[in-house]
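S.K.: Structure below; questions to follow.
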2 protein chains.
Amino acid sequence: MKISIERSALLKAVSQAQSVVERRNTIPILANVLIEAEGETVSFRATDLDIEVVDKAVAQVERAGATTVSAVTLHEIVRKLPDGALVTLTDDSATGRLTVAAGRSNFSLATLPREDFPIMANAEYTSNFSAKAAELRRLFDKSKFAISTEETRYYLNGVYMHIADSEEGRVLRCVATDGHRLARIDSEMPADAADMPGVIVPRKTVGELRKLLDDDDMQIAVSVSETKVRFATPAITLTSKVIDGTFPDYTRVIPQGNTRKLEVDAAEFAKAVDRVATVSSERSRAVKLALDEDRLILSVNAPDSGAAEEELAVAYGDERLEIGFNAKYLLEIANQVDRENAVFMFNSSGDPTLMREGDDTSAVYVVMPMRV
Amino acid sequence: MKISIERSALLKAVSQAQSVVERRNTIPILANVLIEAEGETVSFRATDLDIEVVDKAVAQVERAGATTVSAVTLHEIVRKLPDGALVTLTDDSATGRLTVAAGRSNFSLATLPREDFPIMANAEYTSNFSAKAAELRRLFDKSKFAISTEETRYYLNGVYMHIADSEEGRVLRCVATDGHRLARIDSEMPADAADMPGVIVPRKTVGELRKLLDDDDMQIAVSVSETKVRFATPAITLTSKVIDGTFPDYTRVIPQGNTRKLEVDAAEFAKAVDRVATVSSERSRAVKLALDEDRLILSVNAPDSGAAEEELAVAYGDERLEIGFNAKYLLEIANQVDRENAVFMFNSSGDPTLMREGDDTSAVYVVMPMRV
């Protein structure tokens, strides 16, 4: 194999690959990126056995071929090369080394045989559709904060992507929850997605997927089977196993009958919660919301360190209510609000509370109260 | 005590105080900042028993007095208050609480009695002089990288500041070394500094001092005794114990007879060292310099992962020389060079190497070679 490629194109392709590679590896080949050159393209493939990413870049291929080298080392080298450099990668099968040359720099890296590199088996995808990058970004960005980190509840360690019925008709929906809070985000159902099986997309995959979604208007090709999901742009293909488990029936958790409505400026609210939480002890972090006619008093009482109170002008017309929440959870859902106002729907101080953005029902959050 | 103070002035004063406070403390009062209000100023004092910092700020003092509260909590609160807010601090001795009020925010913090706060004893300073912030910044910034982190060699855990004789006459000099590399930085001797006793300024003090030195033209009042050193601006006074030990005779370490001169673009050199070091294993990180007529070849050979080589055009007129260095040490001294060219003076591959910036002898670095 011998190829020449512009440094920035190489850096982009290798960056994505090395981020999939796990830093601590007992299987040496999994630390490597598989470089395959043919025709006018070179592909960079990396995997952790659960996720596989393939980046394609245009290169001048002088001699087709393939080899594998350390993804992290190659990335570090390319990152440190001067901008605009032309990089030549030459594989010498006799010495088992890959030469990386640019200007007066010359690197020789240990390789492992391409045959040892585990290629993820092709799945029979039962559903193939296309979605806008901006839509997918919204679905995952707004739900991922609620993913559980409890390994014993492995079926909550991802975002549940599925087709659901909503008031607006059938939608592509992402749901995540850790039992304390829940996010349910809807997007218009793409054509051809109606038969998509529901899948739990693992946390790491959600993180890697994010890098494909920066360009608002990019169309992402999505393929889904019972066991795998694939997201592809013309240059990058991200394939991932999905979590083998059943996502709980989240619809039972979303309160339907909450009638006490609070409307508050989301940014002001988040800042106030952050301030009063300063005095709370790390462990409890409970914030009390006391609601009265168009008035909200946020307070924290931490006997050891002190107390804090802050008043906000809000829209609230129901009877007096006091309810406590974990400050971190309140902050996280308040930070999801893109438009000005957050709308909270309460029932009693012991019941789950619903939050949405203005009158928009396509993004709904639920947070459990805590005793204060 | 009752004072009103502008949020930004309060934030600045409390920032410096909280950075001196050690995060893990077994003595509760050491987590606190002592706030003293009198006349038209309020002072904020914090200590870790080795370093004491006092910040003075102008405030509207309605009722003089003093109390102590958690430095970190107060800092967090003030940081989160909106810019431009007027903050009122009110001490209620009956409840033992300090109220922090700004706009509709209200905090009540636990206090500890001012009497329990350990005030650092005043020293008899044998030497008092004034130095420009820019000069002190240069002395410490360019030497501190060489401070040893080995706790057993406690006398190397700081920068040795003293008066010395140089080719240019008597100078204020800072030296730091960890046995592998050494930095010796000279500055014009300030008037009245001639009798200053040499002191080892601890690493943490060097870090805190740095915050006083941002304004180039600020005159810093320096006071030195055998046991303490004090740096003061009109607003901030930083007092520190010095390390109780004898700094080794560093002059023996600085080679006098090195004659093989290499002149190289410092930035190009640093980048090349950084690149070739990419392939080296974390443990050794050895870079080989091979010098020949106006040519420098940097190389690294790491049997496991690979090899790297890079050629630089340099000015070198002496006989062939091969010498190895720790890549990290080479990078660190190359990064100290402010002007274009770094000048290396070699003897043999087993002898310490000297580096300076062009023909300037006011900043000299020594680095020990390693076998490659």
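Residue numbers start at 1 in each chain; chains themselves are named A, B, ... in the order of the structure tokens; ligands are numbered from 1 in the order shown.
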Contacts of region 62-70 of chain B at 9 Å or less, counting only C-alpha atoms, minus same-chain residues fewer than 4 places along, as a ChimeraX atom specification?
M.R.: /A:305 /B:1-4,18,28-39,74-75,90-91,93,97-98,109-115,117
S.K.: Would you give me, as JSON, numbers by chain, the residues of chain B that come within 10 Å of chain A, using only C-alpha atoms?
M.R.: {"B": [69, 70, 72, 73, 74, 75, 76, 77, 78, 79, 80, 81, 82, 97, 98, 99, 100, 101, 102, 103, 104, 105, 106, 107, 108, 109, 110, 111, 271, 272, 274, 275, 276, 277, 278, 279, 280, 297, 298, 299, 300, 301, 302, 303, 304, 305, 306, 307, 308, 309, 310, 311, 312]}
S.K.: Take CA of Met345 (chain A) and CA of Arg295 (chain A) and report the distance between them in Å, one decimal.
M.R.: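 Atom-to-atom, CA of Met345 (chain A) and CA of Arg295 (chain A) are spaced 15.3 Å apart.
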S.K.: From a DSSP calculation on the backbone, collect every residue of region 128-180 of chain B in alpha helix (DSSP H) and output the set as a ChimeraX atom specification.
M.R.: /B:133-141
S.K.: So what do you get for CA of His162 (chain A) versus CA of Ala134 (chain A), distance-wise?
M.R.: 17.6 Å
S.K.: Would you mind writing down, as a list in words, each residue of region 105-151 of chain B that DSSP on the backbone assigns to strand (DSSP E or B)?
M.R.: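 Secondary structure check on region 105-151 of chain B, strand (DSSP E or B): Ser105, Asn106, Phe107, Ser108, Leu109, Ala110, Thr111, Leu112, Ser127, Asn128, Phe129, Ser130, Ala131 and Lys132 of chain B.
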S.K.: Write a file of the just-selected residues containing N, CA, C and O atoms, as a PDB file, in the first residue's frame.
M.R.:
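Resulting contents of selection_31.pdb:
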ATOM      1  N   SER B 105     -31.605  37.534  45.756  1.00  0.00           N
ATOM      2  CA  SER B 105     -30.908  36.371  46.312  1.00  0.00           C
ATOM      3  C   SER B 105     -30.502  36.658  47.742  1.00  0.00           C
ATOM      4  O   SER B 105     -30.089  37.766  48.070  1.00  0.00           O
ATOM      5  N   ASN B 106     -30.617  35.638  48.555  1.00  0.00           N
ATOM      6  CA  ASN B 106     -30.323  35.784  49.968  1.00  0.00           C
ATOM      7  C   ASN B 106     -29.664  34.520  50.493  1.00  0.00           C
ATOM      8  O   ASN B 106     -30.245  33.446  50.417  1.00  0.00           O
ATOM      9  N   PHE B 107     -28.445  34.657  51.016  1.00  0.00           N
ATOM     10  CA  PHE B 107     -27.739  33.495  51.529  1.00  0.00           C
ATOM     11  C   PHE B 107     -27.396  33.720  52.988  1.00  0.00           C
ATOM     12  O   PHE B 107     -27.117  34.845  53.397  1.00  0.00           O
ATOM     13  N   SER B 108     -27.418  32.634  53.738  1.00  0.00           N
ATOM     14  CA  SER B 108     -27.056  32.725  55.141  1.00  0.00           C
ATOM     15  C   SER B 108     -25.990  31.666  55.391  1.00  0.00           C
ATOM     16  O   SER B 108     -26.253  30.471  55.243  1.00  0.00           O
ATOM     17  N   LEU B 109     -24.766  32.089  55.715  1.00  0.00           N
ATOM     18  CA  LEU B 109     -23.653  31.144  55.806  1.00  0.00           C
ATOM     19  C   LEU B 109     -23.177  30.972  57.245  1.00  0.00           C
ATOM     20  O   LEU B 109     -23.115  31.945  58.009  1.00  0.00           O
ATOM     21  N   ALA B 110     -22.818  29.735  57.582  1.00  0.00           N
ATOM     22  CA  ALA B 110     -22.281  29.451  58.912  1.00  0.00           C
ATOM     23  C   ALA B 110     -20.940  30.167  59.081  1.00  0.00           C
ATOM     24  O   ALA B 110     -20.132  30.207  58.157  1.00  0.00           O
ATOM     25  N   THR B 111     -20.709  30.747  60.253  1.00  0.00           N
ATOM     26  CA  THR B 111     -19.443  31.432  60.506  1.00  0.00           C
ATOM     27  C   THR B 111     -18.669  30.730  61.612  1.00  0.00           C
ATOM     28  O   THR B 111     -19.225  29.916  62.354  1.00  0.00           O
ATOM     29  N   LEU B 112     -17.400  31.028  61.711  1.00  0.00           N
ATOM     30  CA  LEU B 112     -16.592  30.624  62.855  1.00  0.00           C
ATOM     31  C   LEU B 112     -15.993  31.902  63.432  1.00  0.00           C
ATOM     32  O   LEU B 112     -15.764  32.868  62.699  1.00  0.00           O
ATOM     33  N   SER B 127      15.349  42.699  54.694  1.00  0.00           N
ATOM     34  CA  SER B 127      15.567  43.355  53.413  1.00  0.00           C
ATOM     35  C   SER B 127      14.220  43.746  52.817  1.00  0.00           C
ATOM     36  O   SER B 127      13.283  42.945  52.790  1.00  0.00           O
ATOM     37  N   ASN B 128      14.110  44.993  52.389  1.00  0.00           N
ATOM     38  CA  ASN B 128      12.883  45.474  51.752  1.00  0.00           C
ATOM     39  C   ASN B 128      13.264  46.197  50.478  1.00  0.00           C
ATOM     40  O   ASN B 128      14.090  47.105  50.506  1.00  0.00           O
ATOM     41  N   PHE B 129      12.686  45.769  49.374  1.00  0.00           N
ATOM     42  CA  PHE B 129      12.983  46.469  48.126  1.00  0.00           C
ATOM     43  C   PHE B 129      11.767  46.410  47.211  1.00  0.00           C
ATOM     44  O   PHE B 129      10.757  45.770  47.527  1.00  0.00           O
ATOM     45  N   SER B 130      11.887  47.088  46.085  1.00  0.00           N
ATOM     46  CA  SER B 130      10.779  47.171  45.150  1.00  0.00           C
ATOM     47  C   SER B 130      11.238  46.620  43.807  1.00  0.00           C
ATOM     48  O   SER B 130      12.355  46.889  43.371  1.00  0.00           O
ATOM     49  N   ALA B 131      10.397  45.806  43.160  1.00  0.00           N
ATOM     50  CA  ALA B 131      10.762  45.236  41.862  1.00  0.00           C
ATOM     51  C   ALA B 131       9.562  45.333  40.933  1.00  0.00           C
ATOM     52  O   ALA B 131       8.415  45.285  41.372  1.00  0.00           O
ATOM     53  N   LYS B 132       9.854  45.456  39.645  1.00  0.00           N
ATOM     54  CA  LYS B 132       8.776  45.544  38.661  1.00  0.00           C
ATOM     55  C   LYS B 132       8.106  44.187  38.504  1.00  0.00           C
ATOM     56  O   LYS B 132       8.770  43.151  38.444  1.00  0.00           O
TER      57      LYS B 132
END
S.K.: Taking only C-alpha atoms into account, name the residue in B:Leu289, B:Ala146, B:Leu182, B:Met355 that is nearest to Arg252 (chain B).
M.R.: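 Of all the options, B:Leu182 lies closest to Arg252 (chain B).
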S.K.: Name the residues in contact with region 237-240 of chain B at a cut-off of 9 Å, using only C-alpha atoms, excluding same-chain residues fewer than 5 positions from it; report them as JSON, numbers by chain.
M.R.: {"B": [49, 50, 51, 52, 53, 54, 55, 56, 120, 201, 202, 205, 208, 209, 212, 227, 228, 229, 230, 231, 232]}
S.K.: Restricting the output to N, CA, C and O atoms, write the selected residues as a PDB file, in the first residue's frame.
M.R.:
ATOM      1  N   LEU B  49      -1.488  28.086  56.694  1.00  0.00           N
ATOM      2  CA  LEU B  49      -0.467  28.093  57.750  1.00  0.00           C
ATOM      3  C   LEU B  49       0.951  28.279  57.196  1.00  0.00           C
ATOM      4  O   LEU B  49       1.860  28.640  57.940  1.00  0.00           O
ATOM      5  N   ASP B  50       1.157  28.036  55.893  1.00  0.00           N
ATOM      6  CA  ASP B  50       2.459  28.318  55.279  1.00  0.00           C
ATOM      7  C   ASP B  50       2.405  29.594  54.443  1.00  0.00           C
ATOM      8  O   ASP B  50       3.381  30.311  54.339  1.00  0.00           O
ATOM      9  N   ILE B  51       1.252  29.830  53.842  1.00  0.00           N
ATOM     10  CA  ILE B  51       1.068  31.014  53.012  1.00  0.00           C
ATOM     11  C   ILE B  51      -0.133  31.783  53.562  1.00  0.00           C
ATOM     12  O   ILE B  51      -1.129  31.180  53.957  1.00  0.00           O
ATOM     13  N   GLU B  52      -0.013  33.088  53.570  1.00  0.00           N
ATOM     14  CA  GLU B  52      -1.154  33.912  53.954  1.00  0.00           C
ATOM     15  C   GLU B  52      -1.345  34.974  52.880  1.00  0.00           C
ATOM     16  O   GLU B  52      -0.384  35.603  52.448  1.00  0.00           O
ATOM     17  N   VAL B  53      -2.584  35.163  52.464  1.00  0.00           N
ATOM     18  CA  VAL B  53      -2.859  36.213  51.494  1.00  0.00           C
ATOM     19  C   VAL B  53      -3.918  37.149  52.072  1.00  0.00           C
ATOM     20  O   VAL B  53      -4.870  36.702  52.717  1.00  0.00           O
ATOM     21  N   VAL B  54      -3.688  38.437  51.898  1.00  0.00           N
ATOM     22  CA  VAL B  54      -4.657  39.426  52.355  1.00  0.00           C
ATOM     23  C   VAL B  54      -5.019  40.312  51.166  1.00  0.00           C
ATOM     24  O   VAL B  54      -4.136  40.919  50.558  1.00  0.00           O
ATOM     25  N   ASP B  55      -6.300  40.352  50.825  1.00  0.00           N
ATOM     26  CA  ASP B  55      -6.791  41.190  49.737  1.00  0.00           C
ATOM     27  C   ASP B  55      -7.598  42.327  50.333  1.00  0.00           C
ATOM     28  O   ASP B  55      -8.502  42.084  51.129  1.00  0.00           O
ATOM     29  N   LYS B  56      -7.299  43.520  49.894  1.00  0.00           N
ATOM     30  CA  LYS B  56      -8.070  44.664  50.391  1.00  0.00           C
ATOM     31  C   LYS B  56      -8.940  45.189  49.263  1.00  0.00           C
ATOM     32  O   LYS B  56      -8.499  45.291  48.119  1.00  0.00           O
ATOM     33  N   MET B 120      -0.842  34.999  60.628  1.00  0.00           N
ATOM     34  CA  MET B 120       0.585  34.696  60.542  1.00  0.00           C
ATOM     35  C   MET B 120       1.372  35.756  61.313  1.00  0.00           C
ATOM     36  O   MET B 120       1.117  36.955  61.176  1.00  0.00           O
ATOM     37  N   VAL B 201      11.730  29.823  47.682  1.00  0.00           N
ATOM     38  CA  VAL B 201      10.304  30.139  47.642  1.00  0.00           C
ATOM     39  C   VAL B 201       9.540  28.883  47.209  1.00  0.00           C
ATOM     40  O   VAL B 201       9.768  28.365  46.121  1.00  0.00           O
ATOM     41  N   PRO B 202       8.630  28.360  48.058  1.00  0.00           N
ATOM     42  CA  PRO B 202       7.962  27.088  47.750  1.00  0.00           C
ATOM     43  C   PRO B 202       7.120  27.167  46.476  1.00  0.00           C
ATOM     44  O   PRO B 202       6.636  28.234  46.104  1.00  0.00           O
ATOM     45  N   THR B 205       3.736  28.912  46.616  1.00  0.00           N
ATOM     46  CA  THR B 205       3.888  30.366  46.717  1.00  0.00           C
ATOM     47  C   THR B 205       4.186  30.968  45.344  1.00  0.00           C
ATOM     48  O   THR B 205       3.647  32.023  44.984  1.00  0.00           O
ATOM     49  N   GLU B 208       0.912  31.223  43.566  1.00  0.00           N
ATOM     50  CA  GLU B 208       0.053  32.303  44.068  1.00  0.00           C
ATOM     51  C   GLU B 208       0.630  33.670  43.693  1.00  0.00           C
ATOM     52  O   GLU B 208      -0.104  34.590  43.345  1.00  0.00           O
ATOM     53  N   LEU B 209       1.949  33.776  43.763  1.00  0.00           N
ATOM     54  CA  LEU B 209       2.614  35.038  43.420  1.00  0.00           C
ATOM     55  C   LEU B 209       2.291  35.458  41.994  1.00  0.00           C
ATOM     56  O   LEU B 209       2.096  36.646  41.699  1.00  0.00           O
ATOM     57  N   LEU B 212      -0.216  38.084  41.163  1.00  0.00           N
ATOM     58  CA  LEU B 212       0.042  39.494  41.494  1.00  0.00           C
ATOM     59  C   LEU B 212       0.818  40.194  40.385  1.00  0.00           C
ATOM     60  O   LEU B 212       1.043  41.405  40.447  1.00  0.00           O
ATOM     61  N   THR B 227      13.331  33.469  57.242  1.00  0.00           N
ATOM     62  CA  THR B 227      12.275  32.461  57.320  1.00  0.00           C
ATOM     63  C   THR B 227      11.044  32.782  56.481  1.00  0.00           C
ATOM     64  O   THR B 227      10.216  31.912  56.233  1.00  0.00           O
ATOM     65  N   LYS B 228      10.929  34.056  56.062  1.00  0.00           N
ATOM     66  CA  LYS B 228       9.720  34.435  55.346  1.00  0.00           C
ATOM     67  C   LYS B 228      10.008  35.348  54.180  1.00  0.00           C
ATOM     68  O   LYS B 228      11.025  36.051  54.148  1.00  0.00           O
ATOM     69  N   VAL B 229       9.047  35.368  53.230  1.00  0.00           N
ATOM     70  CA  VAL B 229       9.138  36.298  52.120  1.00  0.00           C
ATOM     71  C   VAL B 229       7.748  36.901  51.923  1.00  0.00           C
ATOM     72  O   VAL B 229       6.727  36.241  52.177  1.00  0.00           O
ATOM     73  N   ARG B 230       7.727  38.184  51.549  1.00  0.00           N
ATOM     74  CA  ARG B 230       6.436  38.837  51.368  1.00  0.00           C
ATOM     75  C   ARG B 230       6.445  39.614  50.057  1.00  0.00           C
ATOM     76  O   ARG B 230       7.423  40.293  49.744  1.00  0.00           O
ATOM     77  N   PHE B 231       5.379  39.488  49.292  1.00  0.00           N
ATOM     78  CA  PHE B 231       5.209  40.240  48.054  1.00  0.00           C
ATOM     79  C   PHE B 231       3.922  41.043  48.198  1.00  0.00           C
ATOM     80  O   PHE B 231       2.892  40.485  48.574  1.00  0.00           O
ATOM     81  N   ALA B 232       3.970  42.323  47.879  1.00  0.00           N
ATOM     82  CA  ALA B 232       2.766  43.126  48.084  1.00  0.00           C
ATOM     83  C   ALA B 232       2.528  44.118  46.955  1.00  0.00           C
ATOM     84  O   ALA B 232       3.453  44.772  46.471  1.00  0.00           O
TER      85      ALA B 232
END
S.K.: Please provide the set of residues having any atom within 12 Å of Asp141 (chain A), restricted to only C-alpha atoms, with same-chain residues fewer than 4 positions apart removed, written as number ranges by chain.
M.R.: A: 133-137, 145-147, 159, 174-176, 183-185, 203, 206-207, 209-211, 213-214, 332-333, 335-338, 363
S.K.: In Å, with one decimal, what is the gap from CA of Asp48 (chain B) to CA of Val14 (chain B)?
M.R.: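 That distance, rounded to one decimal, is 15.1 Å.
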S.K.: Taking only C-alpha atoms into account, which of B:Val224, B:Ala342, B:Ala290, B:Val253 comes nearest Ala267 (chain B)?
M.R.: B:Ala342
S.K.: Give me, as a PDB file with all heavy atoms, in the first residue's frame, all polymer residues having an atom no more than 8 Å from Thr126 (chain A), counting only C-alpha atoms and skipping those fewer than 6 positions away in the same chain.
M.R.:
ATOM      1  N   ASP A 195     -41.816   0.960   9.955  1.00  0.00           N
ATOM      2  CA  ASP A 195     -41.659  -0.405  10.461  1.00  0.00           C
ATOM      3  C   ASP A 195     -40.403  -0.607  11.293  1.00  0.00           C
ATOM      4  O   ASP A 195     -40.024  -1.733  11.608  1.00  0.00           O
ATOM      5  CB  ASP A 195     -41.633  -1.384   9.277  1.00  0.00           C
ATOM      6  CG  ASP A 195     -42.936  -1.333   8.510  1.00  0.00           C
ATOM      7  OD1 ASP A 195     -43.976  -1.074   9.161  1.00  0.00           O
ATOM      8  OD2 ASP A 195     -42.913  -1.519   7.280  1.00  0.00           O
ATOM      9  N   MET A 196     -39.749   0.486  11.618  1.00  0.00           N
ATOM     10  CA  MET A 196     -38.501   0.377  12.360  1.00  0.00           C
ATOM     11  C   MET A 196     -38.708  -0.305  13.710  1.00  0.00           C
ATOM     12  O   MET A 196     -39.594   0.071  14.477  1.00  0.00           O
ATOM     13  CB  MET A 196     -37.940   1.787  12.596  1.00  0.00           C
ATOM     14  CG  MET A 196     -36.606   1.785  13.281  1.00  0.00           C
ATOM     15  SD  MET A 196     -36.163   3.473  13.786  1.00  0.00           S
ATOM     16  CE  MET A 196     -36.719   3.429  15.483  1.00  0.00           C
ATOM     17  N   PRO A 197     -37.909  -1.331  14.027  1.00  0.00           N
ATOM     18  CA  PRO A 197     -38.012  -1.903  15.369  1.00  0.00           C
ATOM     19  C   PRO A 197     -37.414  -0.917  16.385  1.00  0.00           C
ATOM     20  O   PRO A 197     -36.471  -0.206  16.063  1.00  0.00           O
ATOM     21  CB  PRO A 197     -37.160  -3.173  15.279  1.00  0.00           C
ATOM     22  CG  PRO A 197     -36.222  -2.952  14.144  1.00  0.00           C
ATOM     23  CD  PRO A 197     -36.882  -1.986  13.201  1.00  0.00           C
ATOM     24  N   SER A 223     -30.084   2.870   9.327  1.00  0.00           N
ATOM     25  CA  SER A 223     -30.528   1.493   9.115  1.00  0.00           C
ATOM     26  C   SER A 223     -30.668   0.834  10.473  1.00  0.00           C
ATOM     27  O   SER A 223     -29.807   0.993  11.331  1.00  0.00           O
ATOM     28  CB  SER A 223     -29.515   0.716   8.276  1.00  0.00           C
ATOM     29  OG  SER A 223     -29.321   1.371   7.041  1.00  0.00           O
ATOM     30  N   VAL A 224     -31.759   0.097  10.645  1.00  0.00           N
ATOM     31  CA  VAL A 224     -32.039  -0.483  11.951  1.00  0.00           C
ATOM     32  C   VAL A 224     -32.425  -1.941  11.805  1.00  0.00           C
ATOM     33  O   VAL A 224     -33.200  -2.302  10.912  1.00  0.00           O
ATOM     34  CB  VAL A 224     -33.190   0.281  12.659  1.00  0.00           C
ATOM     35  CG1 VAL A 224     -33.387  -0.239  14.076  1.00  0.00           C
ATOM     36  CG2 VAL A 224     -32.920   1.778  12.677  1.00  0.00           C
ATOM     37  N   SER A 225     -31.845  -2.796  12.660  1.00  0.00           N
ATOM     38  CA  SER A 225     -32.318  -4.175  12.767  1.00  0.00           C
ATOM     39  C   SER A 225     -32.573  -4.439  14.241  1.00  0.00           C
ATOM     40  O   SER A 225     -32.397  -3.553  15.076  1.00  0.00           O
ATOM     41  CB  SER A 225     -31.267  -5.135  12.215  1.00  0.00           C
ATOM     42  OG  SER A 225     -30.218  -5.296  13.162  1.00  0.00           O
ATOM     43  N   GLU A 226     -32.954  -5.647  14.581  1.00  0.00           N
ATOM     44  CA  GLU A 226     -33.230  -5.963  15.980  1.00  0.00           C
ATOM     45  C   GLU A 226     -31.960  -5.877  16.825  1.00  0.00           C
ATOM     46  O   GLU A 226     -32.016  -5.674  18.037  1.00  0.00           O
ATOM     47  CB  GLU A 226     -33.813  -7.383  16.103  1.00  0.00           C
ATOM     48  CG  GLU A 226     -35.167  -7.585  15.442  1.00  0.00           C
ATOM     49  CD  GLU A 226     -36.325  -7.008  16.277  1.00  0.00           C
ATOM     50  OE1 GLU A 226     -36.073  -6.666  17.452  1.00  0.00           O
ATOM     51  OE2 GLU A 226     -37.451  -6.890  15.740  1.00  0.00           O
TER      52      GLU A 226
END
